[in-house]
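Contents: one structure, followed by commentary.
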Amino acid sequence: MTYEFEGKNERDAIDIAVAELGLEKDQFDVEIIEIQKGSLFKKGFAKIRVHVDESVQLKREDTHKTKSPAAIANRGEATEDEKEVMHFLSEIIERMGYEAKIELSGREDKRPLMRIISDNSSMLIGKKARTLDSLQFLANVYASKIKNPGFKVMLDCENYRIRREETLVRLAYNTADKVAMSKNSILLEPMNPYERRLIHTALSTINGIETKSEGNGLYKQVRVSYKGL
């Protein structure tokens, strides 16, 4: 089995892999995919590919089977509310004329991460993920009715959001470099709230750089400006 992880550096990425997989460092092999050293205006990062032997993977799965029901639920077993939201999404997509399967891929800060599996993934993602964002919005409106306003769902398809997140973080750092060199502000393309938050967070600790959202509606633009050291 292979998995990919990303961290601030190689050691950080390996530590994340250890925590996520529940294995020791000597129980898997590490392949370095990409390393970028940090600079004054750019954070460093490392991407690794972890190779886990099948026998180790089986032992890990057997260990998980002995955990309590609560631990298993946290590992990925859908709750009744989550199943209801997944069923709702399946019906919406069916009415759109497509076939799809909805799976619970994990949780982030207790927020369900759901994945669409379909032969029509490009149509369900849509241009700049507008269709995917709309489906996620409908899922959260429905979730708030059956659960509470704090019950939020993150919806993905073909790992689009993960790939998009990596692209946006790199865009943020590259833009910060350009702004620092030119001393001029740069206005980025319109983004949804989640994407804008990624830009703001990525550049929040960069000296001499500030960001703010501009525009109206759901899709606003982020302006990256130089404020001096």
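Chain identifiers are assigned as A, B, and so on, following the order in which chains appear in the structure tokens; residues are numbered from 1 within each chain, and ligands are numbered from 1 in order of appearance.
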Residues at most 10 Å from Glu158 in chain A, counting only C-alpha atoms, excluding those fewer than 3 positions away in the same chain, as a PDB file with N, CA, C and O atoms, in the first residue's frame?
```pdb
ATOM      1  N   ARG A 115     -16.781  11.895  -0.114  1.00  0.00           N
ATOM      2  CA  ARG A 115     -16.192  11.810  -1.441  1.00  0.00           C
ATOM      3  C   ARG A 115     -17.208  11.282  -2.448  1.00  0.00           C
ATOM      4  O   ARG A 115     -17.915  10.313  -2.176  1.00  0.00           O
ATOM      5  N   ILE A 116     -17.273  11.943  -3.617  1.00  0.00           N
ATOM      6  CA  ILE A 116     -18.138  11.501  -4.703  1.00  0.00           C
ATOM      7  C   ILE A 116     -17.320  10.602  -5.623  1.00  0.00           C
ATOM      8  O   ILE A 116     -16.244  10.975  -6.079  1.00  0.00           O
ATOM      9  N   ILE A 117     -17.834   9.408  -5.895  1.00  0.00           N
ATOM     10  CA  ILE A 117     -17.197   8.497  -6.837  1.00  0.00           C
ATOM     11  C   ILE A 117     -18.139   8.320  -8.022  1.00  0.00           C
ATOM     12  O   ILE A 117     -19.270   7.839  -7.872  1.00  0.00           O
ATOM     13  N   SER A 118     -17.691   8.737  -9.196  1.00  0.00           N
ATOM     14  CA  SER A 118     -18.578   8.713 -10.363  1.00  0.00           C
ATOM     15  C   SER A 118     -17.768   8.704 -11.653  1.00  0.00           C
ATOM     16  O   SER A 118     -16.650   9.228 -11.707  1.00  0.00           O
ATOM     17  N   SER A 121     -17.254  12.464 -13.034  1.00  0.00           N
ATOM     18  CA  SER A 121     -16.666  13.333 -12.017  1.00  0.00           C
ATOM     19  C   SER A 121     -16.406  14.748 -12.529  1.00  0.00           C
ATOM     20  O   SER A 121     -16.592  15.723 -11.797  1.00  0.00           O
ATOM     21  N   SER A 122     -15.958  14.877 -13.787  1.00  0.00           N
ATOM     22  CA  SER A 122     -15.666  16.210 -14.316  1.00  0.00           C
ATOM     23  C   SER A 122     -16.911  17.082 -14.350  1.00  0.00           C
ATOM     24  O   SER A 122     -16.847  18.288 -14.078  1.00  0.00           O
ATOM     25  N   ILE A 125     -17.763  18.079 -10.691  1.00  0.00           N
ATOM     26  CA  ILE A 125     -16.861  19.092 -10.155  1.00  0.00           C
ATOM     27  C   ILE A 125     -17.205  20.445 -10.770  1.00  0.00           C
ATOM     28  O   ILE A 125     -17.364  21.435 -10.070  1.00  0.00           O
ATOM     29  N   ARG A 161     -10.136  18.862  -4.168  1.00  0.00           N
ATOM     30  CA  ARG A 161      -9.863  19.881  -3.149  1.00  0.00           C
ATOM     31  C   ARG A 161      -8.430  19.773  -2.626  1.00  0.00           C
ATOM     32  O   ARG A 161      -7.804  20.781  -2.319  1.00  0.00           O
ATOM     33  N   ILE A 162      -7.925  18.553  -2.505  1.00  0.00           N
ATOM     34  CA  ILE A 162      -6.546  18.376  -2.048  1.00  0.00           C
ATOM     35  C   ILE A 162      -5.582  18.955  -3.069  1.00  0.00           C
ATOM     36  O   ILE A 162      -4.642  19.690  -2.736  1.00  0.00           O
ATOM     37  N   ARG A 163      -5.809  18.624  -4.352  1.00  0.00           N
ATOM     38  CA  ARG A 163      -4.944  19.143  -5.406  1.00  0.00           C
ATOM     39  C   ARG A 163      -5.066  20.663  -5.516  1.00  0.00           C
ATOM     40  O   ARG A 163      -4.082  21.377  -5.722  1.00  0.00           O
TER      41      ARG A 163
END
```
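Distances from A:Lys83, A:Ile35, A:Ile102, A:Lys178 to Asp12 in chain A were compared using only C-alpha atoms, and the smallest one belongs to A:Ile35.
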Applying 12 Å and only C-alpha atoms, which residues near Leu187 in chain A remain after dropping the ones on its own chain fewer than 2 positions away? List them as a VMD selection string. chain A and resid 171 to 172 175 to 176 178 to 179 184 to 185 189 to 191 196 199 211 to 215 220 to 225
Would you put the residues from that selection into a file with N, CA and C atoms, as a tab-separated table (two decimals), in the first residue's frame?
```
chain	number	residue	atom	x	y	z
A	171	LEU	N	0.52	29.11	-5.08
A	171	LEU	CA	0.16	30.41	-5.66
A	171	LEU	C	0.36	31.53	-4.64
A	172	ALA	N	-0.05	31.28	-3.41
A	172	ALA	CA	0.08	32.28	-2.35
A	172	ALA	C	1.53	32.66	-2.14
A	175	THR	N	2.98	34.52	-5.18
A	175	THR	CA	2.44	35.87	-5.25
A	175	THR	C	3.12	36.77	-4.21
A	176	ALA	N	3.35	36.23	-3.01
A	176	ALA	CA	4.03	36.99	-1.96
A	176	ALA	C	5.43	37.40	-2.40
A	178	LYS	N	6.42	37.91	-5.51
A	178	LYS	CA	6.28	38.95	-6.53
A	178	LYS	C	5.94	40.30	-5.89
A	179	VAL	N	5.05	40.26	-4.90
A	179	VAL	CA	4.65	41.50	-4.22
A	179	VAL	C	5.83	42.09	-3.47
A	184	ASN	N	4.20	46.21	-5.21
A	184	ASN	CA	2.85	46.47	-5.70
A	184	ASN	C	1.91	45.35	-5.27
A	185	SER	N	0.63	45.66	-5.08
A	185	SER	CA	-0.33	44.63	-4.68
A	185	SER	C	-0.76	43.82	-5.90
A	189	GLU	N	-7.59	35.70	-8.48
A	189	GLU	CA	-8.86	35.33	-9.09
A	189	GLU	C	-9.95	35.14	-8.04
A	190	PRO	N	-11.22	35.28	-8.41
A	190	PRO	CA	-12.31	35.04	-7.45
A	190	PRO	C	-12.25	33.63	-6.88
A	191	MET	N	-12.47	33.51	-5.58
A	191	MET	CA	-12.41	32.21	-4.89
A	191	MET	C	-13.55	32.11	-3.89
A	196	ARG	N	-10.22	31.20	-0.14
A	196	ARG	CA	-9.67	32.47	0.35
A	196	ARG	C	-9.00	32.28	1.71
A	199	ILE	N	-5.48	31.06	1.38
A	199	ILE	CA	-4.54	32.11	1.01
A	199	ILE	C	-4.19	32.96	2.23
A	211	THR	N	-2.99	40.44	3.53
A	211	THR	CA	-4.03	40.04	2.58
A	211	THR	C	-5.39	40.53	3.05
A	212	LYS	N	-6.28	40.76	2.10
A	212	LYS	CA	-7.66	41.10	2.44
A	212	LYS	C	-8.56	40.70	1.28
A	213	SER	N	-9.79	40.35	1.61
A	213	SER	CA	-10.77	39.95	0.59
A	213	SER	C	-11.50	41.17	0.08
A	214	GLU	N	-11.76	41.19	-1.23
A	214	GLU	CA	-12.47	42.29	-1.85
A	214	GLU	C	-13.60	41.75	-2.72
A	215	GLY	N	-14.70	42.52	-2.79
A	215	GLY	CA	-15.81	42.13	-3.64
A	215	GLY	C	-17.03	41.75	-2.84
A	220	LYS	N	-15.23	36.00	-3.79
A	220	LYS	CA	-14.51	37.26	-3.68
A	220	LYS	C	-13.05	37.05	-4.10
A	221	GLN	N	-12.33	38.16	-4.25
A	221	GLN	CA	-10.93	38.11	-4.61
A	221	GLN	C	-10.05	38.48	-3.42
A	222	VAL	N	-8.87	37.89	-3.38
A	222	VAL	CA	-7.91	38.22	-2.32
A	222	VAL	C	-6.85	39.14	-2.90
A	223	ARG	N	-6.63	40.27	-2.22
A	223	ARG	CA	-5.56	41.18	-2.62
A	223	ARG	C	-4.36	40.94	-1.71
A	224	VAL	N	-3.22	40.68	-2.31
A	224	VAL	CA	-1.98	40.50	-1.57
A	224	VAL	C	-1.17	41.78	-1.71
A	225	SER	N	-0.85	42.40	-0.58
A	225	SER	CA	-0.18	43.70	-0.59
A	225	SER	C	1.10	43.70	0.24
```
As an exercise, work out the distance from CA of Gly208 in chain A to CA of Tyr173 in chain A in Å and give it to one decimal place.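 Taking CA of Gly208 in chain A and CA of Tyr173 in chain A, their separation equals 12.7 Å.
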